[in-house]
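Text of the file run34.pdb, holding PDB, C-alpha atoms:
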```pdb
ATOM      1  CA  THR J   1       9.101  21.492  12.549
ATOM      2  CA  VAL J   2       5.649  21.612  14.183
ATOM      3  CA  LEU J   3       4.162  20.138  11.016
ATOM      4  CA  LEU J   4       6.707  17.311  11.067
ATOM      5  CA  VAL J   5       5.901  16.570  14.713
ATOM      6  CA  LEU J   6       2.172  16.489  13.954
ATOM      7  CA  LEU J   7       2.812  14.236  10.952
ATOM      8  CA  TYR J   8       4.949  11.955  13.099
ATOM      9  CA  ILE J   9       2.263  11.751  15.807
ATOM     10  CA  GLY J  10      -0.468  11.111  13.225
ATOM     11  CA  GLN J  11       1.483   8.343  11.530
ATOM     12  CA  GLY J  12       2.317   6.777  14.886
ATOM     13  CA  PHE J  13      -1.315   6.870  16.024
ATOM     14  CA  SER J  14      -2.508   5.385  12.750
ATOM     15  CA  SER J  15       0.114   2.634  13.016
ATOM     16  CA  LEU J  16      -0.985   1.866  16.568
ATOM     17  CA  CYS J  17      -4.638   1.642  15.464
ATOM     18  CA  GLY J  18      -3.641  -0.744  12.666
ATOM     19  CA  VAL J  19      -1.734  -2.985  15.069
ATOM     20  CA  ILE J  20      -4.689  -3.053  17.488
ATOM     21  CA  PHE J  21      -7.085  -3.899  14.641
ATOM     22  CA  LEU J  22      -4.846  -6.692  13.315
ATOM     23  CA  SER J  23      -4.276  -8.165  16.759
ATOM     24  CA  ALA J  24      -8.020  -8.098  17.503
ATOM     25  CA  ILE J  25      -8.794 -10.148  14.388
ATOM     26  CA  LEU J  26      -5.777 -12.444  14.398
ATOM     27  CA  SER J  27      -5.853 -13.279  18.116
ATOM     28  CA  ASN J  28      -9.331 -14.831  18.022
ATOM     29  CA  PRO J  29      -9.408 -18.108  16.016
ATOM     30  CA  LYS J  30     -13.157 -17.902  15.447
ATOM     31  CA  VAL J  31     -12.880 -14.395  13.969
ATOM     32  CA  ARG J  32      -9.664 -15.198  12.093
ATOM     33  CA  ASN J  33     -11.217 -18.165  10.262
ATOM     34  CA  VAL J  34     -13.942 -16.037   8.638
ATOM     35  CA  SER J  35     -12.590 -15.334   5.165
ATOM     36  CA  TYR J  36     -14.200 -11.895   4.915
ATOM     37  CA  ASN J  37     -12.224 -10.852   7.993
ATOM     38  CA  LEU J  38      -9.042 -11.943   6.249
ATOM     39  CA  TYR J  39      -9.829  -9.466   3.479
ATOM     40  CA  LEU J  40      -9.895  -6.762   6.130
ATOM     41  CA  VAL J  41      -6.543  -7.933   7.467
ATOM     42  CA  PHE J  42      -5.006  -7.786   4.003
ATOM     43  CA  LEU J  43      -6.565  -4.362   3.502
ATOM     44  CA  VAL J  44      -5.020  -2.995   6.705
ATOM     45  CA  ILE J  45      -1.500  -4.354   6.107
ATOM     46  CA  PRO J  46      -0.529  -1.887   3.314
ATOM     47  CA  ASP J  47      -1.963   0.995   5.347
ATOM     48  CA  LEU J  48      -0.043  -0.094   8.435
ATOM     49  CA  LEU J  49       3.146  -0.538   6.421
ATOM     50  CA  LEU J  50       2.814   2.899   4.803
ATOM     51  CA  ASN J  51       2.072   4.698   8.073
ATOM     52  CA  PHE J  52       4.859   2.957   9.970
ATOM     53  CA  SER J  53       7.371   3.584   7.186
ATOM     54  CA  PHE J  54       6.382   7.261   6.982
ATOM     55  CA  MET J  55       6.812   7.547  10.730
ATOM     56  CA  ILE J  56      10.366   6.198  10.437
ATOM     57  CA  ILE J  57      11.152   8.189   7.277
ATOM     58  CA  VAL J  58       9.970  11.470   8.821
ATOM     59  CA  MET J  59      12.451  10.932  11.658
ATOM     60  CA  PHE J  60      15.450  10.484   9.350
ATOM     61  CA  LYS J  61      14.547  12.123   6.043
ATOM     62  CA  VAL J  62      16.315  15.474   6.302
ATOM     63  CA  ASP J  63      20.097  15.910   6.297
ATOM     64  CA  GLU J  64      22.044  18.757   7.887
ATOM     65  CA  ASP J  65      21.166  21.229   5.093
ATOM     66  CA  GLY J  66      17.436  20.541   5.360
ATOM     67  CA  ILE J  67      17.404  18.647   2.052
ATOM     68  CA  PHE J  68      15.637  15.321   1.693
ATOM     69  CA  ARG J  69      18.005  12.404   1.289
ATOM     70  CA  LYS J  70      17.635  10.598  -2.024
ATOM     71  CA  SER J  71      17.469   7.153  -0.418
ATOM     72  CA  TRP J  72      14.567   8.232   1.818
ATOM     73  CA  THR J  73      12.759   9.764  -1.127
ATOM     74  CA  GLU J  74      13.156   6.509  -3.059
ATOM     75  CA  ALA J  75      11.836   4.623  -0.022
ATOM     76  CA  VAL J  76       8.789   6.908  -0.007
ATOM     77  CA  ILE J  77       8.284   6.172  -3.710
ATOM     78  CA  TRP J  78       8.397   2.427  -2.994
ATOM     79  CA  PHE J  79       6.020   2.498  -0.022
ATOM     80  CA  VAL J  80       3.523   4.840  -1.689
ATOM     81  CA  ASN J  81       3.393   2.751  -4.869
ATOM     82  CA  PHE J  82       3.050  -0.499  -2.933
ATOM     83  CA  TYR J  83       0.318   1.025  -0.779
ATOM     84  CA  TYR J  84      -1.774   2.343  -3.657
ATOM     85  CA  THR J  85      -1.362  -0.766  -5.797
ATOM     86  CA  ALA J  86      -2.145  -3.242  -3.024
ATOM     87  CA  PHE J  87      -4.896  -1.129  -1.472
ATOM     88  CA  PHE J  88      -6.645  -0.609  -4.817
ATOM     89  CA  TRP J  89      -6.558  -4.241  -5.893
ATOM     90  CA  VAL J  90      -7.570  -5.671  -2.510
ATOM     91  CA  ASN J  91     -10.503  -3.235  -2.545
ATOM     92  CA  PHE J  92     -11.323  -4.477  -6.040
ATOM     93  CA  ILE J  93     -11.340  -8.086  -4.820
ATOM     94  CA  ILE J  94     -13.596  -7.158  -1.891
ATOM     95  CA  ALA J  95     -15.973  -5.250  -4.187
ATOM     96  CA  HIS J  96     -16.109  -8.237  -6.523
ATOM     97  CA  GLN J  97     -16.950 -10.578  -3.619
ATOM     98  CA  ILE J  98     -19.679  -8.214  -2.396
ATOM     99  CA  TYR J  99     -21.067  -7.953  -5.931
ATOM    100  CA  ASN J 100     -21.278 -11.754  -6.204
ATOM    101  CA  LEU J 101     -22.901 -11.960  -2.788
ATOM    102  CA  VAL J 102     -25.529  -9.332  -3.634
ATOM    103  CA  LYS J 103     -26.219 -10.755  -7.089
ATOM    104  CA  LYS J 104     -26.774 -14.278  -5.789
ATOM    105  CA  SER J 105     -28.700 -13.092  -2.739
ATOM    106  CA  TYR J 106     -31.058 -11.198  -5.029
ATOM    107  CA  ARG J 107     -31.791 -14.484  -6.779
ATOM    108  CA  ARG J 108     -32.203 -16.139  -3.372
ATOM    109  CA  ILE J 109     -29.180 -18.351  -3.885
ATOM    110  CA  LYS J 110     -27.253 -19.271  -0.764
ATOM    111  CA  VAL J 111     -23.648 -18.140  -1.046
ATOM    112  CA  ALA J 112     -20.724 -19.733   0.742
ATOM    113  CA  PRO J 113     -17.922 -17.342   1.642
ATOM    114  CA  PRO J 114     -14.654 -17.836  -0.211
ATOM    115  CA  SER J 115     -12.243 -20.259   1.380
ATOM    116  CA  THR J 116      -9.335 -18.912   3.369
ATOM    117  CA  THR J 117      -7.001 -20.456   0.795
ATOM    118  CA  THR J 118      -8.715 -18.463  -1.959
ATOM    119  CA  VAL J 119      -8.392 -15.255   0.055
ATOM    120  CA  LEU J 120      -4.711 -15.928   0.757
ATOM    121  CA  ILE J 121      -3.924 -16.693  -2.890
ATOM    122  CA  GLN J 122      -5.801 -13.623  -4.153
ATOM    123  CA  CYS J 123      -4.178 -11.252  -1.677
ATOM    124  CA  LEU J 124      -0.674 -12.688  -2.022
ATOM    125  CA  CYS J 125      -0.934 -12.282  -5.804
ATOM    126  CA  VAL J 126      -1.996  -8.672  -5.268
ATOM    127  CA  TYR J 127       0.905  -8.087  -2.862
ATOM    128  CA  THR J 128       3.362  -9.656  -5.293
ATOM    129  CA  GLY J 129       2.133  -7.335  -8.031
ATOM    130  CA  GLY J 130       2.372  -4.407  -5.619
ATOM    131  CA  VAL J 131       5.974  -5.259  -4.755
ATOM    132  CA  LEU J 132       6.895  -5.562  -8.451
ATOM    133  CA  ILE J 133       5.243  -2.264  -9.406
ATOM    134  CA  ALA J 134       6.694  -0.459  -6.383
ATOM    135  CA  THR J 135      10.177  -1.773  -7.135
ATOM    136  CA  TRP J 136       9.861  -0.772 -10.787
ATOM    137  CA  CYS J 137       8.857   2.759  -9.767
ATOM    138  CA  ALA J 138      11.551   3.133  -7.097
ATOM    139  CA  LEU J 139      14.504   1.920  -9.160
ATOM    140  CA  ASP J 140      16.752   4.667 -10.467
ATOM    141  CA  VAL J 141      16.977   3.217 -13.979
ATOM    142  CA  PRO J 142      16.091   4.758 -17.374
ATOM    143  CA  TRP J 143      12.955   2.603 -17.752
ATOM    144  CA  SER J 144      11.463   3.590 -14.389
ATOM    145  CA  PRO J 145       8.303   5.749 -14.538
ATOM    146  CA  MET J 146       9.284   7.831 -11.475
ATOM    147  CA  SER J 147      12.375   9.487 -10.096
ATOM    148  CA  ALA J 148      13.498  11.224  -6.934
ATOM    149  CA  ASN J 149      14.052  14.940  -7.468
ATOM    150  CA  LEU J 150      16.863  16.005  -5.156
ATOM    151  CA  ASP J 151      16.242  19.729  -5.649
ATOM    152  CA  ASN J 152      13.137  19.695  -3.491
ATOM    153  CA  GLY J 153      13.128  16.133  -2.158
ATOM    154  CA  LEU J 154       9.957  15.153  -3.949
ATOM    155  CA  PHE J 155       9.293  12.476  -6.514
ATOM    156  CA  VAL J 156       8.118  13.241 -10.016
ATOM    157  CA  PHE J 157       6.185  11.142 -12.489
ATOM    158  CA  GLN J 158       8.903  10.817 -15.064
ATOM    159  CA  SER J 159      11.942   8.641 -15.564
ATOM    160  CA  PRO J 160      15.353   9.633 -14.387
ATOM    161  CA  GLU J 161      17.042  12.015 -16.819
ATOM    162  CA  ASP J 162      17.356  10.535 -20.348
ATOM    163  CA  GLY J 163      14.936   7.737 -19.410
ATOM    164  CA  ILE J 164      12.227   6.447 -21.721
ATOM    165  CA  PHE J 165       9.473   8.199 -19.740
ATOM    166  CA  SER J 166      11.389  11.470 -19.272
ATOM    167  CA  LYS J 167      10.851  14.657 -21.252
ATOM    168  CA  LYS J 168      13.989  13.949 -23.292
ATOM    169  CA  GLY J 169      13.069  10.297 -23.865
ATOM    170  CA  THR J 170       9.627  11.011 -25.331
TER     171      THR J 170
END
```
Is it possible to express this structure as structure tokens?
Amino acid sequence: TVLLVLLYIGQGFSSLCGVIFLSAILSNPKVRNVSYNLYLVFLVIPDLLLNFSFMIIVMFKVDEDGIFRKSWTEAVIWFVNFYYTAFFWVNFIIAHQIYNLVKKSYRRIKVAPPSTTTVLIQCLCVYTGGVLIATWCALDVPWSPMSANLDNGLFVFQSPEDGIFSKKGT
């Protein structure tokens, strides 16, 4: 139980830091209108969502027998997959923007930052893909690549039993 309390405190502190960071950027119009700052906002949102959801899930995840509830385990699967998908692809977009900036700066070409509309479209497309992949992974259907294992409350990288990605299905 000490480990769960420490995990809960860590997730809560990380969530609080994310909220402070977002409010610092979004509350100042001058800072908010810089498109590179919007990339940072979209980078923090999945982290904030994951930490806040883990904080809530840790509070309610165990039933009377000490076993993880299946619905909470599926929620963890969804949040983890959304986090990693969105975080990876937003980082990719940022790296691509930095690469273009460095490449053109090396040639002494002045570079305008991307428009806020471009940043919003890029990041919303990434988030949409993250939601679709996370939902695909969290569904308890035969064509899902992950399943919740109720024996130990963890998720495994295989389909539910008799699924196309399970040991029996391959």
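Pairwise distance (atom CA of Thr128 of chain J, atom CA of Ser14 of chain J) equals 24.2 Å.
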Computed interatomic separation between atom CA of Thr85 of chain J and atom CA of Gly10 of chain J (Å) =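 The value is 22.4 Å.
Interatomic distance, atom CA of Val44 of chain J to atom CA of Phe82 of chain J: 12.8 Å.
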request  = Using all atoms listed in the file, determine which residues lie at most 9 Å from Phe42 of chain J, disregarding the query and same-chain residues fewer than 5 positions distant; provide the list as number ranges by chain.
outcome  = J: 37, 86-87, 90, 120, 123-124
task = Identify which of the residues J:Val126, J:Ala75, J:Val31, J:Leu132 lies closest to Pro46 of chain J, counting only C-alpha atoms when measuring atom-to-atom distances.
result =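 Closest candidate: J:Val126.
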ask   = When distances are computed from only C-alpha atoms, which of J:Tyr39, J:Ile20, J:Leu48, J:Trp72 shows the smallest separation from Ala95 of chain J?
value =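 Answer, going by the shortest atom-to-atom distance: J:Tyr39.
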Minimum-distance residue to Glu74 of chain J, chosen among J:Leu6, J:Ile57, J:Val19, J:Val41 (using only C-alpha atoms) =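 Distance minimum relative to Glu74 of chain J lands on J:Ile57.
Closest approach to Asn81 of chain J among J:Gly18, J:Pro145, J:Pro113, J:Pro29: J:Pro145, based on all atoms listed in the file.
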key: Among listed residues J:Gln97, J:Trp136, J:Leu7, J:Phe88, nearest Tyr36 of chain J (using only C-alpha atoms)   =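 So, comparing all the options, the nearest one is J:Gln97.
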Test item: residues at most 8 Å from Val111 of chain J, all atoms listed in the file, excluding those fewer than 3 positions along its chain, as a ChimeraX atom specification = /J:101,104-105
query = So, counting all atoms listed in the file, which residue among J:Asn33, J:Gln11, J:Val5, J:Leu16 is closest to Ser115 of chain J?
reply =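 Smallest separation from Ser115 of chain J among the options: J:Asn33.
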query = So which residues get picked by the PyMOL selection byres ((chain J and resi 138) around 8) here, written as a ChimeraX atom specification?
reply = /J:74-75,77-78,134-137,139-140,144,146-147
Edge lengths and centre in Å, axis-aligned, segment 76-80 of chain J plus 4 Å each side, as JSON:
```
{"center_x": 6.2, "center_y": 4.7, "center_z": -1.9, "size_x": 13.3, "size_y": 12.5, "size_z": 11.7}
```
